[in-house]
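Just below is one structure, and these are the notes that go with it.
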Amino acid sequence: MALLPILTAPDPILKTVAEPVKAVDERVRQQMEDMLETMYAAPGIGLAAPQVGILNRVIVLDIAKEDAAEKSPLRLANPEIIWISDEDVSYEEGCLSIPEHYSEVVRPAGVKVRYLDENNQSRELEAEGLLATCLQHEIDHLEGILFVDRITALKRNMILRKLLKARKQHTLPSYAA
Ligand code: GNR
Ligand code: NI
């Protein structure tokens with residue numbers, strides 16, 4: 001098991017389209033476990049491989065409450081949205097790669113996703129509510145898309161400017177403090 005560093009915007013890796021995995025083998029399974037450990041530690045309810053600098057199509061999720069007795073981890077490789085609902089819904093989204101910024105994002109309320117599970121078996125998952133939103137948010141990451149790409153340019157630029165400013169202050173040499 002290993003905790004992986006999480007990249008933050010504007011890292012160009014977050015804007016890159018990720019490659020499908022050829023098969024879910026032991027290496028990919030280990031990657032899924034490391035990503036889950038990283039996600040729980042953050043804490044977050046989802047994590048996509050590009051966020052930890054790996055440009056393959058792997059996502060993990062767990063939308064159970066943080067204090068839930070049972071964890072309910074989901075591990076998906078090569079996820080594809082094969083159906084979306086006509087109805088849309090707006091959720092306030094956050095992203096581990098855009099720390100401390102939140103915005104309402106409109107997306108289809110329901111989705112059906114086809115994917116390979118941790119045993120390389122093809123499966124389908126139909127979701128609504130927070131899980132549907134989170135699946136779409138994670139699959140967007142595989143296309144190099146962040147939630148700020150789905151809000152107005154005005155809101156996006158406000159968030160990205162603040163992120164850049166916060167990061168510059170953070171990386172100032174100590175003598176400048
Ligand atoms: O932890 C996360 N919370 C969240 C809340 C609303 C919509 C999407 C998310 S995903 C986010 C973790 C993350 O950045 N995944 O890519
Ligand atoms: Ni995210």
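Chain labels run A, B, ... following the order of the structure tokens; each chain numbers its residues from 1, and ligands are numbered from 1 in the order shown.
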From a backbone DSSP assignment, name each residue in stretch 73-170 of chain A labelled helix (DSSP H, G or I), as an NGL selection string. :A and (129-142 or 147-150 or 153-170)
Site check for ligand 1: residues at most 9 Å away, only C-alpha atoms and all ligand atoms, as a count of residues only: 38
DSSP strand (DSSP E or B) residues within chain A, as a ChimeraX atom specification: /A:19,46-48,56,58-61,74-84,88-95,98-108,110-116,122-128
Surrounding residues of A:Ser85 excluding itself and chain neighbours under 4 positions, 12 Å, only C-alpha atoms, as a VMD selection string: chain A and resid 81 89 107 to 112 126 to 129 132 to 133
Convert the current residue selection to file output with all heavy atoms, as a short mmCIF file (atom, residue, chain, number, x, y, z; two decimals), in the first residue's frame.
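Result written to again_38.cif:
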```cif
data_model
loop_
_atom_site.label_atom_id
_atom_site.label_comp_id
_atom_site.auth_asym_id
_atom_site.auth_seq_id
_atom_site.Cartn_x
_atom_site.Cartn_y
_atom_site.Cartn_z
N ILE A 81 -19.58 5.86 -20.19
CA ILE A 81 -20.98 6.20 -19.96
C ILE A 81 -21.79 5.70 -21.16
O ILE A 81 -21.57 6.15 -22.28
CB ILE A 81 -21.15 7.71 -19.74
CG1 ILE A 81 -20.42 8.13 -18.46
CG2 ILE A 81 -22.63 8.09 -19.66
CD1 ILE A 81 -20.36 9.63 -18.21
N VAL A 89 -29.35 17.62 -13.07
CA VAL A 89 -29.39 18.01 -11.67
C VAL A 89 -28.14 18.84 -11.38
O VAL A 89 -27.11 18.68 -12.03
CB VAL A 89 -29.48 16.76 -10.76
CG1 VAL A 89 -28.18 15.99 -10.74
CG2 VAL A 89 -29.90 17.12 -9.35
N ARG A 107 -25.29 18.46 -14.34
CA ARG A 107 -24.97 17.23 -15.10
C ARG A 107 -26.23 16.38 -15.18
O ARG A 107 -27.16 16.58 -14.40
CB ARG A 107 -23.91 16.40 -14.37
CG ARG A 107 -22.58 17.07 -14.09
CD ARG A 107 -21.69 16.07 -13.36
NE ARG A 107 -20.41 16.63 -12.92
CZ ARG A 107 -19.31 16.68 -13.66
NH1 ARG A 107 -19.32 16.20 -14.91
NH2 ARG A 107 -18.19 17.18 -13.18
N PRO A 108 -26.24 15.37 -16.08
CA PRO A 108 -27.34 14.41 -16.09
C PRO A 108 -27.54 13.80 -14.69
O PRO A 108 -26.56 13.48 -14.01
CB PRO A 108 -26.89 13.36 -17.10
CG PRO A 108 -26.01 14.11 -18.04
CD PRO A 108 -25.28 15.11 -17.17
N ALA A 109 -28.80 13.64 -14.28
CA ALA A 109 -29.11 13.14 -12.93
C ALA A 109 -28.79 11.66 -12.79
O ALA A 109 -28.46 11.19 -11.70
CB ALA A 109 -30.59 13.39 -12.63
N GLY A 110 -28.90 10.91 -13.89
CA GLY A 110 -28.65 9.47 -13.85
C GLY A 110 -27.72 9.06 -14.98
O GLY A 110 -27.72 9.68 -16.05
N VAL A 111 -26.90 8.04 -14.72
CA VAL A 111 -26.01 7.49 -15.75
C VAL A 111 -25.94 5.97 -15.62
O VAL A 111 -26.18 5.41 -14.55
CB VAL A 111 -24.56 8.03 -15.65
CG1 VAL A 111 -24.48 9.49 -16.01
CG2 VAL A 111 -23.94 7.76 -14.29
N LYS A 112 -25.60 5.34 -16.74
CA LYS A 112 -25.25 3.93 -16.72
C LYS A 112 -23.82 3.84 -17.25
O LYS A 112 -23.51 4.42 -18.29
CB LYS A 112 -26.22 3.13 -17.60
CG LYS A 112 -26.20 1.65 -17.36
CD LYS A 112 -27.43 1.02 -18.02
CE LYS A 112 -27.45 -0.47 -17.88
NZ LYS A 112 -28.68 -1.01 -18.51
N GLU A 126 -25.71 1.25 -12.80
CA GLU A 126 -26.62 2.38 -13.01
C GLU A 126 -26.67 3.17 -11.72
O GLU A 126 -26.78 2.59 -10.64
CB GLU A 126 -28.01 1.88 -13.42
CG GLU A 126 -28.86 3.00 -13.98
CD GLU A 126 -30.17 2.53 -14.62
OE1 GLU A 126 -30.21 1.40 -15.15
OE2 GLU A 126 -31.13 3.31 -14.57
N ALA A 127 -26.57 4.49 -11.84
CA ALA A 127 -26.48 5.33 -10.64
C ALA A 127 -27.29 6.60 -10.80
O ALA A 127 -27.51 7.09 -11.91
CB ALA A 127 -25.02 5.69 -10.38
N GLU A 128 -27.75 7.11 -9.65
CA GLU A 128 -28.37 8.44 -9.59
C GLU A 128 -27.81 9.13 -8.36
O GLU A 128 -26.99 8.56 -7.63
CB GLU A 128 -29.89 8.33 -9.56
CG GLU A 128 -30.39 7.50 -8.41
CD GLU A 128 -31.91 7.33 -8.38
OE1 GLU A 128 -32.57 7.49 -9.43
OE2 GLU A 128 -32.42 7.06 -7.27
N GLY A 129 -28.24 10.38 -8.14
CA GLY A 129 -27.80 11.09 -6.95
C GLY A 129 -26.30 11.35 -6.95
O GLY A 129 -25.68 11.49 -8.00
N ALA A 132 -23.98 9.22 -9.19
CA ALA A 132 -24.01 9.58 -10.62
C ALA A 132 -23.14 10.80 -10.88
O ALA A 132 -22.37 10.85 -11.86
CB ALA A 132 -25.44 9.84 -11.07
N THR A 133 -23.25 11.79 -10.00
CA THR A 133 -22.43 13.01 -10.14
C THR A 133 -20.95 12.68 -10.02
O THR A 133 -20.12 13.13 -10.84
CB THR A 133 -22.84 14.03 -9.05
OG1 THR A 133 -24.16 14.48 -9.33
CG2 THR A 133 -21.90 15.23 -9.02
#
```
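Interatomic distance, atom CA of A:Met32 to atom CA of A:Val58: 7.4 Å.
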Can you pull out every residue within 9 Å of stretch 9-23 of chain A, counting only C-alpha atoms, but drop anything in the same chain fewer than 2 positions away, and send it as a ChimeraX atom specification? /A:7,25,28,49-51,53-58,77-78,97-99,116,120,141-146,160,163-164
Could those residues be written to a file, using N, CA, C and O atoms, as a compact mmCIF listing (two decimals), in the first residue's frame?
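Result saved to part-v4.txt:
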```txt
# COMPACT_ATOMS: atom_id res chain seq x y z
N LEU A 7 -1.96 15.77 -7.51
CA LEU A 7 -1.62 16.96 -8.32
C LEU A 7 -2.74 17.99 -8.23
O LEU A 7 -3.92 17.62 -8.13
N ASP A 25 -4.73 -6.22 -14.40
CA ASP A 25 -3.81 -7.24 -13.88
C ASP A 25 -3.37 -6.86 -12.47
O ASP A 25 -3.89 -5.91 -11.89
N VAL A 28 -2.44 -3.14 -12.02
CA VAL A 28 -3.58 -2.21 -12.00
C VAL A 28 -4.35 -2.38 -10.68
O VAL A 28 -4.80 -1.39 -10.08
N ALA A 49 -7.05 8.38 -11.77
CA ALA A 49 -5.60 8.15 -11.89
C ALA A 49 -4.80 9.40 -12.27
O ALA A 49 -3.73 9.63 -11.69
N PRO A 50 -5.28 10.23 -13.21
CA PRO A 50 -4.47 11.40 -13.57
C PRO A 50 -4.20 12.32 -12.38
O PRO A 50 -3.18 13.02 -12.35
N GLN A 51 -5.08 12.32 -11.37
CA GLN A 51 -4.86 13.16 -10.19
C GLN A 51 -3.64 12.75 -9.38
O GLN A 51 -3.12 13.52 -8.59
N GLY A 53 -1.04 11.45 -11.09
CA GLY A 53 0.03 11.47 -12.08
C GLY A 53 0.12 10.23 -12.95
O GLY A 53 1.12 10.04 -13.64
N ILE A 54 -0.91 9.38 -12.92
CA ILE A 54 -0.91 8.16 -13.74
C ILE A 54 -1.93 8.35 -14.86
O ILE A 54 -3.12 8.53 -14.61
N LEU A 55 -1.44 8.33 -16.13
CA LEU A 55 -2.34 8.65 -17.24
C LEU A 55 -3.01 7.42 -17.82
O LEU A 55 -2.95 7.17 -19.02
N ASN A 56 -3.64 6.60 -16.93
CA ASN A 56 -4.49 5.51 -17.43
C ASN A 56 -5.91 5.67 -16.89
O ASN A 56 -6.17 6.50 -16.01
N ARG A 57 -6.83 4.88 -17.50
CA ARG A 57 -8.26 5.11 -17.25
C ARG A 57 -8.74 4.26 -16.07
O ARG A 57 -9.45 3.26 -16.24
N VAL A 58 -8.35 4.67 -14.89
CA VAL A 58 -8.72 4.00 -13.65
C VAL A 58 -9.31 5.03 -12.69
O VAL A 58 -8.74 6.11 -12.53
N ALA A 77 -12.08 0.32 -14.14
CA ALA A 77 -11.11 0.58 -15.20
C ALA A 77 -11.87 0.76 -16.51
O ALA A 77 -12.92 0.13 -16.73
N ASN A 78 -11.36 1.61 -17.37
CA ASN A 78 -11.96 1.91 -18.68
C ASN A 78 -13.47 2.20 -18.58
O ASN A 78 -14.25 1.66 -19.38
N SER A 97 -8.06 18.19 -6.63
CA SER A 97 -7.06 18.88 -7.44
C SER A 97 -7.33 20.38 -7.55
O SER A 97 -6.57 21.11 -8.19
N ILE A 98 -8.44 20.83 -6.94
CA ILE A 98 -8.79 22.26 -6.88
C ILE A 98 -9.16 22.55 -5.43
O ILE A 98 -10.32 22.82 -5.11
N PRO A 99 -8.19 22.46 -4.52
CA PRO A 99 -8.50 22.47 -3.10
C PRO A 99 -9.20 23.75 -2.65
O PRO A 99 -8.85 24.84 -3.08
N LEU A 116 -14.51 -2.28 -16.45
CA LEU A 116 -13.86 -3.52 -16.01
C LEU A 116 -13.66 -3.42 -14.50
O LEU A 116 -13.15 -2.42 -14.00
N ASN A 120 -11.01 -7.85 -13.84
CA ASN A 120 -11.02 -7.73 -15.31
C ASN A 120 -12.33 -8.21 -15.93
O ASN A 120 -12.38 -8.54 -17.11
N HIS A 141 -12.23 13.49 -15.44
CA HIS A 141 -10.78 13.57 -15.20
C HIS A 141 -10.01 12.75 -16.23
O HIS A 141 -8.90 13.14 -16.64
N LEU A 142 -10.56 11.62 -16.67
CA LEU A 142 -9.87 10.76 -17.65
C LEU A 142 -9.78 11.43 -19.01
O LEU A 142 -8.94 11.07 -19.84
N GLU A 143 -10.65 12.43 -19.23
CA GLU A 143 -10.64 13.20 -20.49
C GLU A 143 -9.90 14.52 -20.32
O GLU A 143 -9.93 15.37 -21.22
N GLY A 144 -9.29 14.73 -19.16
CA GLY A 144 -8.59 15.99 -18.93
C GLY A 144 -9.52 17.14 -18.62
O GLY A 144 -9.17 18.31 -18.81
N ILE A 145 -10.74 16.80 -18.15
CA ILE A 145 -11.75 17.82 -17.85
C ILE A 145 -11.93 17.95 -16.34
O ILE A 145 -12.08 16.94 -15.64
N LEU A 146 -11.91 19.21 -15.85
CA LEU A 146 -12.13 19.49 -14.43
C LEU A 146 -13.51 20.12 -14.26
O LEU A 146 -14.05 20.68 -15.21
N LEU A 160 -9.39 29.82 -10.61
CA LEU A 160 -8.03 29.50 -11.06
C LEU A 160 -7.04 30.58 -10.66
O LEU A 160 -5.90 30.29 -10.30
N LEU A 163 -6.32 30.04 -6.98
CA LEU A 163 -5.48 28.85 -6.80
C LEU A 163 -4.02 29.19 -7.07
O LEU A 163 -3.12 28.81 -6.33
N LEU A 164 -3.80 29.90 -8.17
CA LEU A 164 -2.44 30.26 -8.59
C LEU A 164 -1.79 31.17 -7.55
O LEU A 164 -0.63 30.99 -7.19
```
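Using only C-alpha atoms and all ligand atoms, the shortest contact distance between ligand 2 and any of A:Glu100, A:Glu80, A:Asp117, A:Asp86 is found at A:Glu100.
Remark: for ligand 2, the closest of the candidate residues A:Asn119, A:Asp149, A:Gln169, A:Lys71 is A:Asp149 (distances computed over only C-alpha atoms and all ligand atoms).
Restricting the calculation to only C-alpha atoms and all ligand atoms, the smallest distance between ligand 2 and any of A:Val148, A:Val106, A:Ala166, A:Ala64 is found for A:Val148.
The two atoms in question, atom CA of A:Val113 and atom CA of A:Leu74, are spaced 12.4 Å apart.
One finds atom CA of A:Arg114 at 5.6 Å from atom CA of A:Pro79.
You can rank A:Glu70, A:Leu3, A:Thr152, A:Arg123 by their closest distance to A:Val52 using only C-alpha atoms, and at the top of that list sits A:Leu3.
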Closest of A:Glu124, A:Ile159, A:Ser72, A:His101 to ligand 2, counting only C-alpha atoms and all ligand atoms, is A:His101
